[in-house]
$ cat coords03.cif   # mmCIF, C-alpha atoms and all ligand atoms
data_upload
#
loop_
_atom_site.label_atom_id
_atom_site.label_comp_id
_atom_site.auth_asym_id
_atom_site.auth_seq_id
_atom_site.Cartn_x
_atom_site.Cartn_y
_atom_site.Cartn_z
CA MET A 31 0.00 0.00 0.00
CA ILE A 32 1.26 3.43 -0.93
CA ALA A 33 -0.31 6.39 0.84
CA HIS A 34 0.55 9.88 1.85
CA ASN A 35 -0.49 10.96 5.30
CA SER A 36 0.44 14.61 5.44
CA PRO A 37 -0.63 17.41 3.13
CA PRO A 38 1.82 18.17 0.31
CA LEU A 39 4.26 21.07 0.41
CA ASP A 40 3.66 23.84 -2.09
CA LEU A 41 6.46 24.22 -4.60
CA GLY A 42 5.57 27.03 -6.99
CA GLY A 43 2.02 25.69 -7.21
CA ALA A 44 3.18 22.09 -7.63
CA LYS A 45 2.53 19.63 -4.81
CA LEU A 46 5.50 17.95 -3.17
CA PHE A 47 4.84 14.75 -1.21
CA LYS A 48 8.14 14.66 0.65
CA GLY A 49 9.54 11.20 1.40
CA MET A 50 6.43 9.37 0.23
CA LEU A 51 8.23 6.15 -0.74
CA THR A 52 10.00 4.21 1.98
CA ARG A 53 13.54 3.00 1.39
CA ALA A 54 12.18 -0.55 0.96
CA SER A 55 9.71 0.59 -1.72
CA GLN A 56 12.47 2.53 -3.46
CA GLU A 57 14.65 -0.59 -3.55
CA THR A 58 11.79 -2.68 -4.91
CA LEU A 59 11.11 -0.06 -7.54
CA VAL A 60 14.75 0.00 -8.66
CA ASP A 61 14.65 -3.80 -9.10
CA VAL A 62 11.45 -3.54 -11.15
CA LEU A 63 12.92 -0.77 -13.29
CA ARG A 64 15.96 -2.92 -13.99
CA GLU A 65 13.55 -5.45 -15.56
CA VAL A 66 11.85 -2.71 -17.58
CA ALA A 67 15.24 -1.65 -18.94
CA VAL A 68 15.93 -5.18 -20.21
CA THR A 69 13.02 -4.91 -22.68
CA ALA A 70 13.30 -1.17 -23.14
CA PRO A 71 16.96 -0.16 -22.72
CA PHE A 72 17.85 3.42 -21.81
CA PHE A 73 18.92 5.49 -24.81
CA HIS A 74 20.32 8.98 -25.29
CA PRO A 75 17.61 11.04 -27.02
CA VAL A 76 18.76 13.50 -29.65
CA THR A 77 17.00 16.82 -30.10
CA GLN A 78 15.68 17.96 -33.46
CA SER A 79 18.79 20.11 -33.87
CA GLY A 80 20.94 16.99 -33.42
CA LYS A 81 22.17 17.64 -29.89
CA GLN A 82 22.40 14.67 -27.57
CA MET A 83 20.52 15.17 -24.30
CA SER A 84 22.52 14.58 -21.12
CA VAL A 85 19.86 12.35 -19.56
CA ARG A 86 19.21 8.82 -20.79
CA MET A 87 15.59 7.81 -21.23
CA THR A 88 13.20 4.97 -21.69
CA SER A 89 9.49 4.48 -21.02
CA ALA A 90 6.83 2.09 -19.82
CA GLY A 91 3.15 2.12 -20.73
CA ARG A 92 1.22 2.03 -23.97
CA LEU A 93 3.05 5.13 -25.21
CA GLY A 94 6.63 6.21 -24.69
CA TRP A 95 8.34 9.53 -25.27
CA VAL A 96 11.00 9.65 -27.97
CA SER A 97 13.06 12.42 -29.49
CA ASP A 98 15.20 12.25 -32.60
CA ARG A 99 15.96 14.28 -35.72
CA ARG A 100 12.25 14.11 -36.61
CA GLY A 101 11.37 15.90 -33.37
CA TYR A 102 9.82 14.69 -30.15
CA ARG A 103 6.60 12.76 -29.78
CA TYR A 104 4.91 9.82 -28.08
CA GLU A 105 5.29 6.48 -29.84
CA PRO A 106 3.83 3.01 -29.18
CA ARG A 107 7.27 1.41 -29.61
CA HIS A 108 10.81 1.76 -28.30
CA PRO A 109 13.33 2.78 -31.00
CA ASN A 110 14.41 -0.91 -31.00
CA GLY A 111 10.93 -1.88 -32.27
CA ALA A 112 9.62 -3.48 -29.06
CA THR A 113 6.38 -2.37 -27.44
CA TRP A 114 7.03 -0.65 -24.10
CA PRO A 115 6.76 -2.77 -20.94
CA ALA A 116 3.76 -2.29 -18.64
CA ILE A 117 3.87 0.47 -16.06
CA PRO A 118 4.95 -1.27 -12.81
CA ASP A 119 2.18 -1.80 -10.20
CA LEU A 120 4.08 0.11 -7.54
CA VAL A 121 4.20 3.13 -9.85
CA MET A 122 0.47 2.81 -10.54
CA ASP A 123 -0.11 2.75 -6.78
CA VAL A 124 1.65 6.09 -6.44
CA TRP A 125 -0.46 7.56 -9.26
CA ARG A 126 -3.68 6.41 -7.60
CA ALA A 127 -2.62 7.71 -4.20
CA VAL A 128 -1.85 11.24 -5.35
CA ALA A 129 -3.70 11.91 -8.62
CA ASN A 130 -7.01 10.67 -7.28
CA ILE A 131 -8.67 10.45 -10.70
CA ASP A 132 -10.40 7.69 -12.58
CA ARG A 133 -7.92 7.45 -15.43
CA CYS A 134 -4.65 5.56 -15.75
CA PRO A 135 -1.52 7.18 -17.15
CA ASP A 136 -0.57 6.20 -20.71
CA CYS A 137 3.13 6.82 -20.22
CA CYS A 138 5.72 6.45 -17.51
CA LEU A 139 8.77 8.29 -18.79
CA ILE A 140 11.97 7.10 -17.10
CA ASN A 141 14.93 9.49 -17.04
CA TYR A 142 18.39 8.52 -15.81
CA TYR A 143 20.77 11.29 -14.73
CA GLY A 144 24.45 10.40 -14.52
CA GLU A 145 27.15 12.75 -13.24
CA GLY A 146 26.73 16.22 -14.77
CA ALA A 147 23.35 15.47 -16.39
CA ARG A 148 20.71 18.16 -16.24
CA MET A 149 17.34 19.01 -17.74
CA GLY A 150 16.76 22.43 -19.26
CA MET A 151 13.68 24.47 -18.37
CA HIS A 152 10.67 23.09 -20.26
CA GLN A 153 6.91 22.72 -20.19
CA ASP A 154 5.29 19.29 -20.46
CA LYS A 155 2.88 20.03 -23.29
CA ASP A 156 3.00 17.08 -25.69
CA GLU A 157 -0.13 15.62 -24.08
CA VAL A 158 -3.65 16.36 -25.34
CA ASP A 159 -5.41 17.30 -22.11
CA PHE A 160 -3.73 19.49 -19.49
CA SER A 161 -6.51 18.97 -16.97
CA TYR A 162 -4.74 15.71 -16.06
CA PRO A 163 -1.81 15.99 -13.66
CA VAL A 164 1.77 14.89 -14.27
CA VAL A 165 3.16 12.94 -11.32
CA SER A 166 6.88 12.42 -10.81
CA ILE A 167 8.88 10.09 -8.55
CA SER A 168 12.53 10.72 -7.67
CA LEU A 169 15.01 7.92 -6.90
CA GLY A 170 18.69 8.12 -6.04
CA ASP A 171 20.79 11.26 -5.84
CA ASP A 172 19.42 14.65 -4.76
CA ALA A 173 18.51 16.95 -7.65
CA LEU A 174 17.97 20.69 -7.69
CA PHE A 175 14.52 21.20 -9.22
CA ARG A 176 13.57 24.64 -10.44
CA ILE A 177 10.01 25.74 -11.18
CA GLY A 178 8.65 29.00 -12.58
CA GLY A 179 5.41 30.09 -14.15
CA THR A 180 3.97 29.68 -17.60
CA VAL A 181 6.31 32.22 -19.19
CA ARG A 182 9.86 31.13 -19.89
CA ARG A 183 11.76 33.95 -18.26
CA GLY A 184 9.65 34.61 -15.16
CA MET A 185 10.55 34.24 -11.49
CA THR A 186 11.51 30.75 -10.38
CA GLN A 187 12.00 28.89 -7.14
CA SER A 188 14.18 25.90 -6.45
CA MET A 189 14.12 22.92 -4.13
CA TRP A 190 16.19 19.78 -3.75
CA LEU A 191 14.24 16.65 -4.70
CA GLN A 192 15.36 13.56 -2.82
CA SER A 193 14.94 9.85 -3.22
CA GLY A 194 11.35 8.84 -2.44
CA ASP A 195 9.87 12.28 -3.09
CA VAL A 196 6.75 12.51 -5.25
CA LEU A 197 5.89 15.71 -7.08
CA MET A 198 2.59 16.46 -8.79
CA MET A 199 2.08 19.25 -11.29
CA ASP A 200 -1.60 19.95 -11.78
CA GLY A 201 -3.99 22.87 -11.96
CA ALA A 202 -2.23 26.18 -12.51
CA ALA A 203 1.17 24.45 -12.19
CA ARG A 204 0.50 21.88 -14.92
CA LEU A 205 2.10 24.06 -17.58
CA ALA A 206 4.74 25.69 -15.39
CA TYR A 207 8.28 25.81 -16.75
CA HIS A 208 10.57 23.51 -14.77
CA GLY A 209 13.91 21.75 -14.99
CA ILE A 210 16.79 20.15 -13.13
CA ASP A 211 19.80 22.42 -12.66
CA ARG A 212 22.16 19.86 -11.15
CA LEU A 213 22.61 16.74 -9.07
CA ARG A 214 24.43 16.19 -5.82
CA PHE A 215 26.15 13.26 -7.45
CA GLY A 216 26.80 10.44 -4.99
CA SER A 217 24.47 11.83 -2.31
CA SER A 218 22.38 8.63 -2.25
CA ASP A 219 23.45 4.99 -2.16
CA LEU A 220 20.19 3.72 -3.66
CA LEU A 221 21.53 3.19 -7.17
CA LYS A 222 24.68 1.20 -7.82
CA GLY A 223 27.05 3.61 -9.51
CA ASN A 224 25.04 6.57 -8.19
CA GLY A 225 22.99 8.97 -10.28
CA ARG A 226 19.28 9.64 -10.28
CA ILE A 227 16.16 8.19 -11.83
CA ASN A 228 13.04 10.27 -12.30
CA LEU A 229 9.75 8.74 -13.38
CA THR A 230 7.00 10.94 -14.79
CA LEU A 231 3.50 9.63 -15.26
CA ARG A 232 1.30 11.22 -17.88
CA VAL A 233 -2.07 10.88 -19.49
CA VAL A 234 -1.10 11.39 -23.12
CA ALA A 235 -4.03 10.54 -25.35
CA ALA A 236 -7.65 11.62 -25.47
CA GLU A 237 -9.11 8.13 -25.31
CA PRO A 238 -8.36 5.70 -22.50
CA THR A 239 -7.99 2.05 -23.47
CA ASP A 240 -8.94 -1.03 -21.49
CA ASP A 241 -5.32 -1.99 -21.27
CA THR A 242 -3.69 1.35 -20.56
CA ASN A 243 -1.24 -0.43 -18.36
CA ALA A 244 -0.24 -2.98 -21.01
C1 LIG B 1 13.04 15.57 -13.15
N1 LIG B 1 10.99 16.35 -13.94
O1 LIG B 1 12.60 15.63 -12.00
C2 LIG B 1 12.36 16.26 -14.26
N2 LIG B 1 7.83 17.12 -15.37
O2 LIG B 1 14.06 14.98 -13.43
C3 LIG B 1 10.10 16.81 -14.82
O3 LIG B 1 10.42 17.20 -15.93
C4 LIG B 1 8.71 16.85 -14.41
O4 LIG B 1 9.14 16.39 -12.12
C5 LIG B 1 6.53 17.19 -15.09
C6 LIG B 1 6.06 16.99 -13.81
C7 LIG B 1 6.91 16.71 -12.80
C8 LIG B 1 8.28 16.64 -13.09
FE FE B 2 8.82 17.87 -17.14
#

$ encode --input "coords03.cif" --output "C-alpha cells"
Amino acid sequence: MIAHNSPPLDLGGAKLFKGMLTRASQETLVDVLREVAVTAPFFHPVTQSGKQMSVRMTSAGRLGWVSDRRGYRYEPRHPNGATWPAIPDLVMDVWRAVANIDRCPDCCLINYYGEGARMGMHQDKDEVDFSYPVVSISLGDDALFRIGGTVRRGMTQSMWLQSGDVLMMDGAARLAYHGIDRLRFGSSDLLKGNGRINLTLRVVAAEPTDDTNA
C-alpha cells in the first residue's frame, strides 16, 4: 500500500509529497525498473537540432516519449521496435494515491541522470489534455529542481528533490516551466554507480484504453 499521510508542500504551485516512498519501496522499484530496462533499454535522445541530451531515457506504458531528428513525440514502440513494458504496479499505486482520478496514465517516462546530467527548463505540453496531472517520482541522488510560471523567463523557485519524493504538477502548475539544474552526485546509495532516476507519469491521449497499463 502506498499512501501519503500529510498534506503536500507547495512548490511554486506544484505539490511535493516529501519522502512518500520508503527505502524498501524505493529498492523494490529499482529492481522492477531494472527489468523494464531489459526490454526497453535506456537510450540517449537526440534533439531535433541533433544535440544529444545529457539524460538517458526509456518508457513504460502504452506510449513512450521519444526524441530524434524528426522531433519529439509519443510512440507506441521503443526505438528498438519493441512495445514498451507495462507500467509497474508500484508506480500505478503512487499515481492512484496522489492523482485521485479515474484514469490511468498512458506513459511512464523514465529518465536517468548520470554525473553532470541536467534538464533544461521546459513545459510538459505534448499531451492532449492538461486537466490531467503529471506525477513524478525521484530515486537516487538529490537533484535541484527549479520551477517557474507559464512564461519562460519569469521568477523561479528551487528545491532539492530527494529519493522517495513525489511531485505532482496539476492545476495552474500543470504548464509551469521547470527543470533540473544539477545533481548532488553520490548523495544517495540507492543506485549502484550513483545517479538519479526520475519517473514521470502522464495521461497522453484523449481516449483511454482497457489496457492502458499494457
Ligand atoms: C526531473 N521532472 O525531476 C524532471 N515534469 O528529473 C520533470 O520534468 C517533471 O518532475 C513534469 C512533472 C513533474 C516533473
Ligand atoms: Fe517535465

$ atom_distance --input "coords03.cif" --atom1 "atom CA of Ala127 of chain A" --atom2 "atom CA of Asp61 of chain A"
21.3 Å

$ axis_aligned_box --input "coords03.cif" --around "ligand LIG 1 (chain B)" --padding-each-side "5 Å" --output "AutoDock Vina command-line options"
--center_x 10.1 --center_y 16.1 --center_z -14.0 --size_x 18.0 --size_y 12.2 --size_z 13.9

$ closest_residue --input "coords03.cif" --among "A:Leu174, A:Val233, A:Ala202, A:Leu139" --to "ligand FE 2 (chain B)" --atoms "all atoms listed in the file"
A:Leu139

$ residues_around --input "coords03.cif" --residues "segment 147-163 of chain A" --least-positions-apart "2" --cutoff "6 Å" --atoms "only C-alpha atoms" --output "list in words"
Ser84, Val85, Tyr143, Gly144, Glu145, Met199, Asp200, Leu205, Tyr207, His208, Gly209, Ile210, Asp211, Arg212, Val234 and Ala235 of chain A

$ atom_distance --input "coords03.cif" --atom1 "atom CA of Arg126 of chain A" --atom2 "atom CA of Gly43 of chain A"
20.1 Å

$ closest_residue --input "coords03.cif" --among "A:Asp172, A:Arg133, A:Met198, A:Pro238" --to "Gly216 of chain A" --atoms "all atoms listed in the file"
A:Asp172

$ atom_distance --input "coords03.cif" --atom1 "atom CA of Gly223 of chain A" --atom2 "atom CA of His34 of chain A"
29.5 Å

$ closest_residue --input "coords03.cif" --among "A:Ala90, A:Ile167, A:Ala129, A:Leu41" --to "Phe72 of chain A" --atoms "all atoms listed in the file"
A:Ala90

$ residues_around --input "coords03.cif" --residues "segment 182-191 of chain A" --least-positions-apart "3" --cutoff "7 Å" --atoms "all atoms listed in the file" --output "VMD selection string"
chain A and resid 42 168 172 to 179 195 207

$ residues_around --input "coords03.cif" --residues "Gly170 of chain A" --least-positions-apart "6" --cutoff "9 Å" --atoms "all atoms listed in the file" --output "PyMOL selection string"
chain A and resi 56+192-194+216-221+224-228

$ residues_around --input "coords03.cif" --residues "Ile140 of chain A" --least-positions-apart "5" --cutoff "7 Å" --atoms "only C-alpha atoms" --output "VMD selection string"
chain A and resid 87 to 89 227 to 230

$ write_last_selection --input "coords03.cif" --atoms "C-alpha atoms" --output "mmCIF file, keeping the file's coordinate frame"
data_model
loop_
_atom_site.group_PDB
_atom_site.id
_atom_site.type_symbol
_atom_site.label_atom_id
_atom_site.label_comp_id
_atom_site.auth_asym_id
_atom_site.auth_seq_id
_atom_site.Cartn_x
_atom_site.Cartn_y
_atom_site.Cartn_z
ATOM 1 C CA MET A 87 15.590 7.810 -21.230
ATOM 2 C CA THR A 88 13.200 4.970 -21.690
ATOM 3 C CA SER A 89 9.490 4.480 -21.020
ATOM 4 C CA ILE A 227 16.160 8.190 -11.830
ATOM 5 C CA ASN A 228 13.040 10.270 -12.300
ATOM 6 C CA LEU A 229 9.750 8.740 -13.380
ATOM 7 C CA THR A 230 7.000 10.940 -14.790
#

$ closest_residue --input "coords03.cif" --among "A:Val96, A:Met122, A:Ala44, A:Leu63" --to "Val76 of chain A" --atoms "all atoms listed in the file"
A:Val96

$ closest_residue --input "coords03.cif" --among "A:Val196, A:Met83, A:Tyr142, A:Asp98" --to "Leu51 of chain A" --atoms "only C-alpha atoms"
A:Val196

$ closest_residue --input "coords03.cif" --among "A:Val124, A:Leu213, A:Ala206, A:Ala70" --to "ligand FE 2 (chain B)" --atoms "only C-alpha atoms and all ligand atoms"
A:Ala206
